[in-house]
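Visitor: The structure's right below; bear with me while I get my questions together.
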Amino acid sequence: MSYDRHLCLTRPIVRAAAVLLLLLRMQPALAIPAPGTIVSVAGRGTIGHSGDGGPALSAELNRPAGLAIDARGRVVLVDSYNQCLRAFPPRGIISALPALPGVPLSLSARADGLVVGLESFQVVRVDPQGAISVLAGSGQWGTAGNGGLATEAELSRVTHLSQGPGGELLLSNLESRSVRRVDAQGRIQRVAGTGQLRMGSWIPNDSGGVPAVDQDIGGVHGLAASPAGGFAFTDGRLVQHVSPDGLLVSMTSLLGTPEADTEGLPATQVAVLSPGGLVYDSAGNLFMSDEMMHNVYEIDAQGLFHPIAGAGPVSIFDMSYIGGYSGDGGPALTAHLNLHRGLAIDWCGNLLIADSENQRIRKVHGVAAPGLLAGQPLPALRGDVDLDGALSIGDVGPALRVLVGLDQPNELPRRARDVNADGRFTVMDVVALLRTLAGI
């Protein structure tokens with residue numbers, strides 16, 4: 001090949017590279033919100049049922065409650081007063097899921113679909129194609145059936161569900177004051193609570209553990225399987241933990257330090273007014289909502305207490321703690337929430353909050369380790385460079401800026417930028433992202 005012919009071939013490539021570099025320089029640097037920043041990701045703040053097929057932030061919700069992150073990375077919510085499930089990818093389009101054979105009360109997710117607790121005293125699985133099968137409950141109210149097949153057991157209202165790492169399903173029966181477990185073979189057993197409420201219930205136990213099935217418990221308003229085995233649940237004003245061998249110990253106190261000024265204290269010295277929704281991340285940190293004080297807290301894997309979100313009530317009226325709505329785009333600790341319930345954690349460690357009376361789903365950036373799917377860390381959405389929870393053409397520019405040295409690679413989580421999962425970030429990762437976006 002002659003020198004002139006070589007120049008004819010290389011000049012267009014050089015020009016194209018120069019144009020690309022100029023365009024990349026014109027693109028703003030990747031801006032990932034600072035850890036602890038709160039934003040709304042669904043709901044416009046008015047009561048109703050509208051917006052399906054449009055942006056999640058434009059939709060009307062009606063007291064969203066339970067939350068889960070499914071195997072596709074979507075946020076799935078129990079839209080409780082609309083009596084349905086709805087789902088959306090972050091910053092995506094919201095849609096109502098197919099109707100269920102009953103009113104949904106609670107929700108969990110696993111690799112082969114969703115698990116839903118129904119008002120009709122049953123728990124069902126909804127597979128990715130929409131097929132429904134019964135996992136637990138005969139449809140009759142009651143407590144009978146422990147030790148037998150879960151599908152033949154009586155249930156009361158299943159208000160909380162959590163999928164454990166060994167294939168087991170935990171469920172709370174509010175009226176029967178117990179937690180039950182459906183094992184991988186489909187058999188059900190009581191694993192916490194006697195089913196009775198007697199004098200001495202709600203007394204903290206910090207003596208090293210008592211059999212959970214021998215302990216009276218109050219109403220269970222939160223339940224979460226631990227990635228290390230065992231589980232946590234709320235018991236009146238206490239948060240309790242049950243070890244894999246069935247021993248119960250209290251994680252918080254009734255008479256300890258009130259929630260203000262508790263950063264870094266042992267959680268066993270902290271009194272929480274009304275613990276509700278619970279969720280573990282993959283590092284064993286437990287996050288909890290306090291519905292009456294309108295705050296979210298963390299008990300880390302070392303047992304220390306940390307405020308995460310919420311500035312507390314806006315006002316107190318007639319012994320009621322009134323929540324509010326404020327703070328989007330700023331620190332979560334200065335934001336106001338309103339009777340929030342369900343919690344979930346996505347694949348990149350963002351905490352999702354069902355801000356029920358504000359008719360919104362809100363997100364606190366980067367305060368957790370990756371969330372769990374059936375007890376295992378959620379799979380990374382490889383290529384989601386801008387961490388918005390979805391793959392789009394908007395991920396290509398930030399990836400190229402890092403590749404050509406305009407941004408530092410440590411600004412991108414490794415699980416996001418390593419698209420082809422070879423342990424490195426190279427031009428082949430950008431090619432893999434482009435192939436994925438093109439459907440190749």
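Residues are referred to by chain and number: the chain letter is A, B, ... according to the order shown in the structure tokens, the number counts from 1 in that chain, and ligands are numbered separately from 1 in the order shown.
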Need to verify the contact set: A:Phe305, 9 Å, only C-alpha atoms, exclusion of same-chain residues closer than 6 positions in sequence. Can you return it as a count of residues only?

Guide: 11

Visitor: Just list the residues in stretch 205-239 of chain A DSSP gives strand (DSSP E or B) on the backbone, as a list of chain:residue names.

Guide: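 Residues of stretch 205-239 of chain A classed as strand (DSSP E or B): A:Val210, A:Pro211, A:Leu223, A:Ala224, A:Ala225, A:Phe231, A:Ala232, A:Phe233, A:Thr234, A:Asp235, A:Leu238, A:Val239.
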
Visitor: Would you write out those residues with C-alpha atoms, as a tab-separated table (two decimals), in the first residue's frame?

Guide:
chain	number	residue	atom	x	y	z
A	210	VAL	CA	-34.22	-18.12	74.14
A	211	PRO	CA	-36.09	-20.45	71.78
A	223	LEU	CA	-39.82	-9.15	58.56
A	224	ALA	CA	-36.48	-9.71	56.82
A	225	ALA	CA	-34.40	-12.81	56.12
A	231	PHE	CA	-34.16	-13.42	60.31
A	232	ALA	CA	-35.25	-10.20	61.99
A	233	PHE	CA	-38.77	-9.05	62.76
A	234	THR	CA	-40.54	-6.27	64.61
A	235	ASP	CA	-42.29	-7.15	67.84
A	238	LEU	CA	-38.76	-4.02	69.57
A	239	VAL	CA	-36.67	-5.36	66.71

Visitor: Where does DSSP see helix (DSSP H, G or I) in stretch 262-423 of chain A, if you list the residues as a list in words?

Guide: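 Written out, the helix (DSSP H, G or I) residues of stretch 262-423 of chain A are Ala267, Thr268, Gln269, Ala332, Leu333, Thr334, Ser356, Glu357, Asn358, Ile393, Gly394, Asp395, Val396, Gly397, Pro398, Ala399, Leu400, Arg401, Val402, Leu403, Pro409, Asn410, Glu411, Arg414, Arg415, Ala416 and Arg417 of chain A.
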
Visitor: Excluding A:Leu333 and any residue of its chain fewer than 4 positions from it, enumerate the residues within 12 Å of it, using only C-alpha atoms, and give them as a PyMOL selection string.

Guide: chain A and resi 35-38+260+263+294-297+306-312+326-329+337+364+367

Visitor: Keeping only C-alpha atoms, write those residues as a JSON list (two decimals), in the first residue's frame.

Guide:
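Saved as result_9.json:
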[["chain", "number", "residue", "atom", "x", "y", "z"],
["A", 35, "PRO", "CA", -24.32, 9.00, 49.07],
["A", 36, "GLY", "CA", -27.26, 9.90, 51.26],
["A", 37, "THR", "CA", -29.04, 12.07, 48.66],
["A", 38, "ILE", "CA", -32.80, 11.49, 48.48],
["A", 260, "ALA", "CA", -32.39, 11.45, 68.48],
["A", 263, "GLU", "CA", -25.45, 7.80, 65.74],
["A", 294, "HIS", "CA", -41.16, 9.17, 59.92],
["A", 295, "ASN", "CA", -37.49, 8.14, 59.91],
["A", 296, "VAL", "CA", -35.32, 5.31, 58.55],
["A", 297, "TYR", "CA", -32.47, 3.75, 60.53],
["A", 306, "HIS", "CA", -27.27, 4.88, 62.40],
["A", 307, "PRO", "CA", -29.96, 7.36, 61.27],
["A", 308, "ILE", "CA", -30.30, 7.14, 57.47],
["A", 309, "ALA", "CA", -33.26, 9.25, 56.36],
["A", 310, "GLY", "CA", -35.91, 11.53, 57.79],
["A", 311, "ALA", "CA", -35.93, 14.71, 59.83],
["A", 312, "GLY", "CA", -38.69, 13.43, 62.11],
["A", 326, "SER", "CA", -39.62, 17.84, 51.56],
["A", 327, "GLY", "CA", -35.97, 17.43, 50.74],
["A", 328, "ASP", "CA", -35.72, 15.87, 47.27],
["A", 329, "GLY", "CA", -32.28, 16.47, 45.82],
["A", 337, "LEU", "CA", -41.26, 11.48, 55.07],
["A", 364, "VAL", "CA", -31.67, 7.28, 49.05],
["A", 367, "VAL", "CA", -26.22, 4.00, 51.68]]

Visitor: Measuring atom to atom with only C-alpha atoms, identify which of A:Ala184, A:Ala42, A:Leu278, A:Leu97 is nearest to A:Leu343.

Guide: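 Nearest candidate to A:Leu343 out of A:Ala184, A:Ala42, A:Leu278, A:Leu97: A:Leu278.
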
Visitor: Can you check which parts of stretch 116-168 of chain A lie within 12 Å of stretch 213-220 of chain A? Per residue, the shortest pair of atoms and distance in Å to one decimal, counting only C-alpha atoms, sorted by chain and number, as JSON lines.

Guide:
{"residue": "A:Arg157", "atom": "CA", "partner": "A:Val220", "partner_atom": "CA", "distance": 11.2}
{"residue": "A:Val158", "atom": "CA", "partner": "A:Val220", "partner_atom": "CA", "distance": 10.1}
{"residue": "A:Thr159", "atom": "CA", "partner": "A:Val220", "partner_atom": "CA", "distance": 8.2}
{"residue": "A:His160", "atom": "CA", "partner": "A:Val220", "partner_atom": "CA", "distance": 8.2}
{"residue": "A:Leu161", "atom": "CA", "partner": "A:Val220", "partner_atom": "CA", "distance": 11.0}

Visitor: Which residue out of A:Arg187, A:Lys363, A:Arg382, A:Arg44 has the minimum interatomic distance to A:Val430 when only C-alpha atoms are used?

Guide: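 That would be A:Arg382, the residue with the smallest distance to A:Val430.
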
Visitor: When you look at stretch 131-137 of chain A with a cut-off of 9 Å (counting only C-alpha atoms), what residues show up, excluding the ones that are within fewer than 6 positions of it in the same chain? I need them as a list in words.

Guide: Leu100, Pro101, Val115, Ser120, Phe121, Gln122, Val123, Val124, Arg125, Leu149, Ala150, Thr151, Glu152, Ala153, Glu154, Leu155, Ser156, Val182, Gly186, Arg187 and Ile188 of chain A

Visitor: Please compute the atom CA of A:Gly148-atom CA of A:Ser243 distance, one decimal, in Å.

Guide: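 Rounded to one decimal, the two atoms are 23.0 Å apart.
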
Visitor: For each of A:Ala301, A:Leu373, A:Met293, A:Ala212, take the minimum atom-to-atom distance to A:Val179, counting only C-alpha atoms, then give the residue where this is smallest.

Guide: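 Under the stated criterion, the closest residue is A:Ala212.
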
Visitor: Could you list, as a VMD selection string, every residue within 8 Å of A:Leu378, counting only C-alpha atoms and ignoring same-chain residues fewer than 2 positions away?

Guide: chain A and resid 71 346 to 347 370 to 373 376 380

Visitor: Quick one: residues within 8 Å of stretch 313-316 of chain A, only C-alpha atoms counted, chain neighbours fewer than 3 positions away excluded, as a list in words?

Guide: Met293, His294, Met319, Ser320, Tyr321, Ile322, Gly323, Gly324 and His336 of chain A

Visitor: Export, as a PDB file, in the first residue's frame, the selected residues with all heavy atoms.

Guide:
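File part37.pdb, as written:
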ATOM      1  N   MET A 293     -42.388   8.074  63.727  1.00  0.00           N
ATOM      2  CA  MET A 293     -41.421   9.168  63.742  1.00  0.00           C
ATOM      3  C   MET A 293     -40.971   9.569  62.340  1.00  0.00           C
ATOM      4  O   MET A 293     -40.222  10.535  62.174  1.00  0.00           O
ATOM      5  CB  MET A 293     -40.202   8.778  64.580  1.00  0.00           C
ATOM      6  CG  MET A 293     -40.492   8.640  66.061  1.00  0.00           C
ATOM      7  SD  MET A 293     -41.101  10.156  66.816  1.00  0.00           S
ATOM      8  CE  MET A 293     -39.619  11.157  66.794  1.00  0.00           C
ATOM      9  N   HIS A 294     -41.413   8.813  61.314  1.00  0.00           N
ATOM     10  CA  HIS A 294     -41.157   9.170  59.922  1.00  0.00           C
ATOM     11  C   HIS A 294     -39.657   9.213  59.607  1.00  0.00           C
ATOM     12  O   HIS A 294     -39.181  10.104  58.894  1.00  0.00           O
ATOM     13  CB  HIS A 294     -41.820  10.506  59.577  1.00  0.00           C
ATOM     14  CG  HIS A 294     -43.243  10.607  60.036  1.00  0.00           C
ATOM     15  ND1 HIS A 294     -44.264   9.888  59.450  1.00  0.00           N
ATOM     16  CD2 HIS A 294     -43.810  11.312  61.054  1.00  0.00           C
ATOM     17  CE1 HIS A 294     -45.405  10.165  60.070  1.00  0.00           C
ATOM     18  NE2 HIS A 294     -45.151  11.009  61.043  1.00  0.00           N
ATOM     19  N   MET A 319     -51.141  14.231  70.342  1.00  0.00           N
ATOM     20  CA  MET A 319     -50.329  13.036  70.553  1.00  0.00           C
ATOM     21  C   MET A 319     -50.035  12.271  69.263  1.00  0.00           C
ATOM     22  O   MET A 319     -49.617  11.124  69.288  1.00  0.00           O
ATOM     23  CB  MET A 319     -50.990  12.095  71.566  1.00  0.00           C
ATOM     24  CG  MET A 319     -51.161  12.698  72.948  1.00  0.00           C
ATOM     25  SD  MET A 319     -49.580  13.235  73.654  1.00  0.00           S
ATOM     26  CE  MET A 319     -48.779  11.665  73.901  1.00  0.00           C
ATOM     27  N   SER A 320     -50.272  12.909  68.102  1.00  0.00           N
ATOM     28  CA  SER A 320     -49.943  12.290  66.822  1.00  0.00           C
ATOM     29  C   SER A 320     -48.723  12.990  66.231  1.00  0.00           C
ATOM     30  O   SER A 320     -48.625  14.223  66.286  1.00  0.00           O
ATOM     31  CB  SER A 320     -51.123  12.400  65.853  1.00  0.00           C
ATOM     32  OG  SER A 320     -52.229  11.665  66.322  1.00  0.00           O
ATOM     33  N   TYR A 321     -47.832  12.209  65.655  1.00  0.00           N
ATOM     34  CA  TYR A 321     -46.630  12.741  65.038  1.00  0.00           C
ATOM     35  C   TYR A 321     -46.900  12.918  63.553  1.00  0.00           C
ATOM     36  O   TYR A 321     -47.082  11.936  62.831  1.00  0.00           O
ATOM     37  CB  TYR A 321     -45.452  11.803  65.278  1.00  0.00           C
ATOM     38  CG  TYR A 321     -45.101  11.645  66.745  1.00  0.00           C
ATOM     39  CD1 TYR A 321     -45.760  10.721  67.549  1.00  0.00           C
ATOM     40  CD2 TYR A 321     -44.119  12.438  67.322  1.00  0.00           C
ATOM     41  CE1 TYR A 321     -45.445  10.591  68.898  1.00  0.00           C
ATOM     42  CE2 TYR A 321     -43.791  12.319  68.667  1.00  0.00           C
ATOM     43  CZ  TYR A 321     -44.461  11.392  69.441  1.00  0.00           C
ATOM     44  OH  TYR A 321     -44.154  11.271  70.779  1.00  0.00           O
ATOM     45  N   ILE A 322     -46.946  14.160  63.095  1.00  0.00           N
ATOM     46  CA  ILE A 322     -47.371  14.478  61.736  1.00  0.00           C
ATOM     47  C   ILE A 322     -46.170  14.505  60.806  1.00  0.00           C
ATOM     48  O   ILE A 322     -45.204  15.233  61.048  1.00  0.00           O
ATOM     49  CB  ILE A 322     -48.097  15.846  61.688  1.00  0.00           C
ATOM     50  CG1 ILE A 322     -49.188  15.911  62.769  1.00  0.00           C
ATOM     51  CG2 ILE A 322     -48.683  16.078  60.304  1.00  0.00           C
ATOM     52  CD1 ILE A 322     -50.238  14.841  62.656  1.00  0.00           C
ATOM     53  N   GLY A 323     -46.229  13.704  59.740  1.00  0.00           N
ATOM     54  CA  GLY A 323     -45.161  13.688  58.761  1.00  0.00           C
ATOM     55  C   GLY A 323     -45.331  14.776  57.727  1.00  0.00           C
ATOM     56  O   GLY A 323     -46.273  15.578  57.759  1.00  0.00           O
ATOM     57  N   GLY A 324     -44.413  14.837  56.775  1.00  0.00           N
ATOM     58  CA  GLY A 324     -44.469  15.845  55.729  1.00  0.00           C
ATOM     59  C   GLY A 324     -43.741  15.381  54.490  1.00  0.00           C
ATOM     60  O   GLY A 324     -43.350  14.219  54.370  1.00  0.00           O
ATOM     61  N   HIS A 336     -38.268  15.240  54.840  1.00  0.00           N
ATOM     62  CA  HIS A 336     -39.432  14.776  55.589  1.00  0.00           C
ATOM     63  C   HIS A 336     -40.123  13.651  54.826  1.00  0.00           C
ATOM     64  O   HIS A 336     -40.284  13.708  53.601  1.00  0.00           O
ATOM     65  CB  HIS A 336     -40.418  15.923  55.841  1.00  0.00           C
ATOM     66  CG  HIS A 336     -39.969  16.843  56.929  1.00  0.00           C
ATOM     67  ND1 HIS A 336     -39.461  18.101  56.686  1.00  0.00           N
ATOM     68  CD2 HIS A 336     -39.933  16.680  58.281  1.00  0.00           C
ATOM     69  CE1 HIS A 336     -39.142  18.674  57.842  1.00  0.00           C
ATOM     70  NE2 HIS A 336     -39.413  17.839  58.816  1.00  0.00           N
TER      71      HIS A 336
END
